[in-house]
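> If you scroll down you'll find the structure; I have some questions about it.
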Amino acid sequence: MSAFRTSGPARFGQYLALLAYLAFLAFPFLWLVSTAFKPATELGSPHPTWIPRDPTLDNFRQAFDEQPLLRAAGNSLLAALAAALVAVLVATPMAYVLARHRSRLTAAATGWVVVSQAFPFVLLIIPLFLVLKNLHLVNSLAGLTAVYVVWSLPFALWMLTGYVRAVPVELEEAAAVDGAGRLRVLVSVTAPLLGPGIVATALFAFVTAWNEFFFALVLLKTPEKQTLPVVLTHFLGAEGVADLGPLAAAAFLATLPSLVVFAVIQRRITGGMMAGAVKA
C-alpha cells in the first residue's frame, strides 16, 4: 500500500491543481451570475467588477418581456422528460442482455456503443433530417424527442450495464429455481435493485436533452415549438450584438435545473461509472 502514498508536498500540489481546475470551471458561471444582476450602466463600464455595485432584477424582467421563456422551458421540459423515460425503458432490458449474456456479439455491440459516441453531430444531421422528413417528424417535439432518445441511449446503455453486472447473479438463479421466468426475474428481482442506476441514468438523459441546442436549432422552425436553448439565441441582434443583461439572466435561469439535478445525482452517476469499470 505504501506505493500509493504521496508525500506532503505532492499532496499539496494535487489539491492546488484541483482547486485551480475547479476555479477554471466555476469562472464562467460566476461571471454569468454577476452579469445577470448588473444594471446597464455597469455592463457598459470599461472597468468590470465581480460583484455588482447596484444589483438589480431588471434584466430578468426584461428577459421575460422580450422572449417567451416559459413556453420554451415547457417545450424543453416535455422533450427532456419523454426522452429520459423512453431511453430508460429501452436501455434497461438491453443492458440486462449485454450484462448477463456475454459473447462475441455482445462484446461487438458494446464496442459499437462506445465508438458511436465519436461521430460528430454534423455528419449525422443531414441523413437524420431526411429520415425525419420522410416520417413527417420535422418541426415537431415528437421528432426531437426521438432524436434525444437515440442520442442518450449509448451512455444510458453503458451505465445501466454496469449496474446490472453489480447485481449478484445468484439472486436471479434463486428466483429461477422458484419457477420465475426470465421476464419475471427482470421485473421482480433485478429491476428493484437497479433503482439507483435507473434514476441516475434517467436524470442524466434528462439533463442532456434539456441542454441540447444543435438538433433543436436544425429541426425546429416554428417559434411556438422551439426549446429554451434555441430561444436564448434570440437575445442576439442581427449583427451579432448581444443584449447582454437579459441574455445573462435568461441563461442563468436555464442553467439552474441542470445544476440542481447534477448536484442531486452526482454521487449516483459516479457509482454507476465505477460499477461499470469494475465489472466490465
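For the C-alpha cells, the naming scheme is as follows: chains receive sequential letters (A, B, ...) according to their order of presentation, residues are indexed from 1 within each chain, and ligands are indexed from 1 in presentation order.
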I want to know what sits within 9 Å of Thr35 in chain A, based on only C-alpha atoms, with residues of the same chain fewer than 2 positions away left out; could you give that as a compact mmCIF listing (two decimals) with C-alpha atoms, in the first residue's frame?

```
# COMPACT_ATOMS: atom_id res chain seq x y z
CA LEU A 30 -19.82 33.08 -11.55
CA TRP A 31 -19.37 35.68 -14.26
CA LEU A 32 -22.79 34.78 -15.67
CA VAL A 33 -24.44 35.27 -12.28
CA PHE A 37 -27.69 41.15 -11.73
CA LYS A 38 -25.78 44.14 -13.14
CA PRO A 39 -27.63 47.24 -14.38
CA GLU A 42 -22.31 48.61 -15.10
CA LEU A 43 -22.50 46.30 -18.11
CA TRP A 50 -17.06 40.71 -9.95
CA ILE A 51 -19.80 41.88 -7.58
CA PRO A 52 -22.47 44.26 -8.92
CA LEU A 244 -26.07 41.09 -22.55
CA GLY A 245 -28.10 41.71 -19.40
CA ALA A 248 -27.26 36.50 -18.91
CA ALA A 249 -30.43 36.48 -16.80
```
> Write out as an MDAnalysis selection string each polymer residue whose atoms come within 9 Å of Lys225 in chain A, counting only C-alpha atoms; drop sequence neighbours fewer than 6 positions from it.
chainID A and resid 71:72 75 139:141
> Just to be explicit: take each residue in the selection above, keep N, CA and C atoms, and write the result as a CSV table (one decimal), in the first residue's frame.

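Resulting contents of result.csv:
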```
chain,number,residue,atom,x,y,z
A,71,ARG,N,-42.8,29.4,-22.2
A,71,ARG,CA,-43.2,28.4,-23.2
A,71,ARG,C,-42.1,27.6,-23.7
A,72,ALA,N,-40.9,28.2,-23.9
A,72,ALA,CA,-39.8,27.5,-24.4
A,72,ALA,C,-39.3,26.5,-23.3
A,75,ASN,N,-41.5,23.5,-23.5
A,75,ASN,CA,-41.1,22.6,-24.6
A,75,ASN,C,-39.9,21.7,-24.3
A,139,ASN,N,-39.8,19.6,-37.5
A,139,ASN,CA,-40.5,20.7,-36.8
A,139,ASN,C,-41.6,20.2,-35.9
A,140,SER,N,-41.2,19.1,-35.1
A,140,SER,CA,-42.2,18.6,-34.1
A,140,SER,C,-41.4,18.2,-32.9
A,141,LEU,N,-42.0,18.3,-31.7
A,141,LEU,CA,-41.3,17.9,-30.5
A,141,LEU,C,-41.2,16.4,-30.4
```
> For Leu160 in chain A, work out the shell of residues within 9 Å, counting only C-alpha atoms and skipping chain neighbours fewer than 6 positions away, then give it as a PyMOL selection string.
chain A and resi 88+91-92+94-96+194+197-198+201+272+276
> Using only C-alpha atoms, which residue out of A:Ala156, A:Val218, A:Ala180, A:Val164 lies closest to Pro192 in chain A?
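Closest candidate: A:Val164.
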> Can you measure CA of Gly237 in chain A to CA of Glu66 in chain A for me? One decimal in Å is fine.
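Interatomic distance, CA of Gly237 in chain A to CA of Glu66 in chain A: 12.5 Å.
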> Taking the backbone alone, and naming residues the way the document does, which bits of range 4-183 of chain A are alpha helix (DSSP H) by DSSP, as a PyMOL selection string?
chain A and resi 8-36+40-43+58-66+69-100+104-116+121-134+141-166+169-177+182-183
> Please measure the separation of CA of Ala99 in chain A and CA of Arg184 in chain A, giving the value in Å to one decimal.
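One can read the CA of Ala99 in chain A to CA of Arg184 in chain A distance as 17.1 Å.
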> I want to know what sits within 9 Å of Phe235 in chain A, based on only C-alpha atoms, with residues of the same chain fewer than 3 positions away left out; could you give that as a list in words?
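Here the qualifying residues turn out to be Ala63, Glu66, Gln67, Val231, Leu232, Val241, Ala242, Asp243, Leu244, Pro246 and Leu247 of chain A.
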> Using only all heavy atoms, please write the residues we just selected to a file, as an mmCIF file, in the first residue's frame.

```
data_model
loop_
_atom_site.group_PDB
_atom_site.id
_atom_site.type_symbol
_atom_site.label_atom_id
_atom_site.label_comp_id
_atom_site.auth_asym_id
_atom_site.auth_seq_id
_atom_site.Cartn_x
_atom_site.Cartn_y
_atom_site.Cartn_z
ATOM 1 N N ALA A 63 -35.948 40.072 -19.752
ATOM 2 C CA ALA A 63 -35.823 38.794 -20.459
ATOM 3 C C ALA A 63 -37.185 38.152 -20.669
ATOM 4 O O ALA A 63 -37.491 37.649 -21.766
ATOM 5 C CB ALA A 63 -34.909 37.855 -19.678
ATOM 6 N N GLU A 66 -39.164 40.143 -23.347
ATOM 7 C CA GLU A 66 -38.693 40.076 -24.727
ATOM 8 C C GLU A 66 -38.923 38.721 -25.379
ATOM 9 O O GLU A 66 -39.170 38.645 -26.587
ATOM 10 C CB GLU A 66 -37.197 40.425 -24.792
ATOM 11 C CG GLU A 66 -36.887 41.876 -24.469
ATOM 12 C CD GLU A 66 -35.405 42.175 -24.600
ATOM 13 O OE1 GLU A 66 -34.644 41.257 -24.985
ATOM 14 O OE2 GLU A 66 -35.008 43.318 -24.326
ATOM 15 N N GLN A 67 -38.833 37.645 -24.610
ATOM 16 C CA GLN A 67 -38.899 36.311 -25.191
ATOM 17 C C GLN A 67 -39.847 35.419 -24.389
ATOM 18 O O GLN A 67 -39.978 35.584 -23.168
ATOM 19 C CB GLN A 67 -37.505 35.664 -25.242
ATOM 20 C CG GLN A 67 -36.498 36.422 -26.068
ATOM 21 C CD GLN A 67 -36.874 36.485 -27.536
ATOM 22 O OE1 GLN A 67 -37.592 35.630 -28.051
ATOM 23 N NE2 GLN A 67 -36.380 37.509 -28.219
ATOM 24 N N VAL A 231 -34.213 29.537 -27.937
ATOM 25 C CA VAL A 231 -34.788 30.862 -27.666
ATOM 26 C C VAL A 231 -33.727 31.805 -27.094
ATOM 27 O O VAL A 231 -33.783 33.021 -27.321
ATOM 28 C CB VAL A 231 -35.989 30.722 -26.708
ATOM 29 C CG1 VAL A 231 -36.456 32.085 -26.209
ATOM 30 C CG2 VAL A 231 -37.137 30.010 -27.410
ATOM 31 N N LEU A 232 -32.750 31.269 -26.399
ATOM 32 C CA LEU A 232 -31.695 32.127 -25.849
ATOM 33 C C LEU A 232 -30.927 32.846 -26.954
ATOM 34 O O LEU A 232 -30.413 33.948 -26.737
ATOM 35 C CB LEU A 232 -30.728 31.300 -25.001
ATOM 36 C CG LEU A 232 -31.272 30.743 -23.677
ATOM 37 C CD1 LEU A 232 -30.193 29.962 -22.951
ATOM 38 C CD2 LEU A 232 -31.798 31.867 -22.790
ATOM 39 N N VAL A 241 -24.730 41.410 -32.054
ATOM 40 C CA VAL A 241 -24.582 42.159 -30.813
ATOM 41 C C VAL A 241 -25.558 41.605 -29.780
ATOM 42 O O VAL A 241 -26.768 41.534 -30.033
ATOM 43 C CB VAL A 241 -24.829 43.659 -31.038
ATOM 44 C CG1 VAL A 241 -24.691 44.418 -29.727
ATOM 45 C CG2 VAL A 241 -23.864 44.195 -32.083
ATOM 46 N N ALA A 242 -25.052 41.214 -28.634
ATOM 47 C CA ALA A 242 -25.882 40.560 -27.626
ATOM 48 C C ALA A 242 -26.528 41.583 -26.701
ATOM 49 O O ALA A 242 -25.904 42.586 -26.324
ATOM 50 C CB ALA A 242 -25.038 39.584 -26.808
ATOM 51 N N ASP A 243 -27.767 41.318 -26.368
ATOM 52 C CA ASP A 243 -28.444 42.063 -25.307
ATOM 53 C C ASP A 243 -27.994 41.423 -24.000
ATOM 54 O O ASP A 243 -28.668 40.560 -23.435
ATOM 55 C CB ASP A 243 -29.956 41.969 -25.499
ATOM 56 C CG ASP A 243 -30.693 43.014 -24.693
ATOM 57 O OD1 ASP A 243 -30.022 43.756 -23.940
ATOM 58 O OD2 ASP A 243 -31.926 43.095 -24.797
ATOM 59 N N LEU A 244 -26.840 41.852 -23.516
ATOM 60 C CA LEU A 244 -26.066 41.088 -22.547
ATOM 61 C C LEU A 244 -26.805 40.842 -21.231
ATOM 62 O O LEU A 244 -26.810 39.724 -20.711
ATOM 63 C CB LEU A 244 -24.735 41.795 -22.279
ATOM 64 C CG LEU A 244 -23.666 40.965 -21.580
ATOM 65 C CD1 LEU A 244 -23.380 39.694 -22.361
ATOM 66 C CD2 LEU A 244 -22.391 41.785 -21.390
ATOM 67 N N PRO A 246 -30.232 40.858 -20.278
ATOM 68 C CA PRO A 246 -31.303 39.860 -20.360
ATOM 69 C C PRO A 246 -30.803 38.480 -20.780
ATOM 70 O O PRO A 246 -31.321 37.463 -20.312
ATOM 71 C CB PRO A 246 -32.247 40.456 -21.412
ATOM 72 C CG PRO A 246 -31.994 41.914 -21.359
ATOM 73 C CD PRO A 246 -30.531 42.061 -21.069
ATOM 74 N N LEU A 247 -29.810 38.431 -21.671
ATOM 75 C CA LEU A 247 -29.260 37.137 -22.073
ATOM 76 C C LEU A 247 -28.637 36.414 -20.882
ATOM 77 O O LEU A 247 -28.858 35.209 -20.701
ATOM 78 C CB LEU A 247 -28.213 37.340 -23.170
ATOM 79 C CG LEU A 247 -27.436 36.081 -23.592
ATOM 80 C CD1 LEU A 247 -28.387 35.025 -24.139
ATOM 81 C CD2 LEU A 247 -26.381 36.439 -24.632
#
```
> With 12 Å as the cut-off and only C-alpha atoms counted, what is the closest atom pair between each nearby residue of range 72-161 of chain A and range 256-266 of chain A? Distances in Å to one decimal, ordered by chain and number, as JSON lines.

```
{"residue": "A:Ala73", "atom": "CA", "partner": "A:Pro257", "partner_atom": "CA", "distance": 10.5}
{"residue": "A:Ser76", "atom": "CA", "partner": "A:Pro257", "partner_atom": "CA", "distance": 11.3}
{"residue": "A:Leu77", "atom": "CA", "partner": "A:Pro257", "partner_atom": "CA", "distance": 10.2}
{"residue": "A:Ala80", "atom": "CA", "partner": "A:Ser258", "partner_atom": "CA", "distance": 11.6}
```
> Selected residues, all heavy atoms, written as a PDB file, in the first residue's frame, please.

```
ATOM      1  N   ALA A  73     -39.359  26.887 -22.048  1.00  0.00           N
ATOM      2  CA  ALA A  73     -38.979  25.970 -20.972  1.00  0.00           C
ATOM      3  C   ALA A  73     -39.943  24.786 -20.903  1.00  0.00           C
ATOM      4  O   ALA A  73     -39.525  23.648 -20.632  1.00  0.00           O
ATOM      5  CB  ALA A  73     -38.964  26.710 -19.633  1.00  0.00           C
ATOM      6  N   SER A  76     -38.904  22.394 -23.665  1.00  0.00           N
ATOM      7  CA  SER A  76     -37.699  21.669 -23.250  1.00  0.00           C
ATOM      8  C   SER A  76     -38.030  20.613 -22.198  1.00  0.00           C
ATOM      9  O   SER A  76     -37.507  19.495 -22.248  1.00  0.00           O
ATOM     10  CB  SER A  76     -36.664  22.645 -22.700  1.00  0.00           C
ATOM     11  OG  SER A  76     -36.163  23.499 -23.705  1.00  0.00           O
ATOM     12  N   LEU A  77     -38.895  20.974 -21.263  1.00  0.00           N
ATOM     13  CA  LEU A  77     -39.257  20.032 -20.208  1.00  0.00           C
ATOM     14  C   LEU A  77     -39.980  18.818 -20.774  1.00  0.00           C
ATOM     15  O   LEU A  77     -39.691  17.672 -20.394  1.00  0.00           O
ATOM     16  CB  LEU A  77     -40.138  20.739 -19.175  1.00  0.00           C
ATOM     17  CG  LEU A  77     -40.578  19.905 -17.967  1.00  0.00           C
ATOM     18  CD1 LEU A  77     -39.370  19.495 -17.135  1.00  0.00           C
ATOM     19  CD2 LEU A  77     -41.576  20.691 -17.116  1.00  0.00           C
ATOM     20  N   ALA A  80     -37.443  16.660 -22.785  1.00  0.00           N
ATOM     21  CA  ALA A  80     -36.439  16.040 -21.920  1.00  0.00           C
ATOM     22  C   ALA A  80     -37.042  14.928 -21.075  1.00  0.00           C
ATOM     23  O   ALA A  80     -36.438  13.853 -20.918  1.00  0.00           O
ATOM     24  CB  ALA A  80     -35.796  17.100 -21.027  1.00  0.00           C
TER      25      ALA A  80
END
```
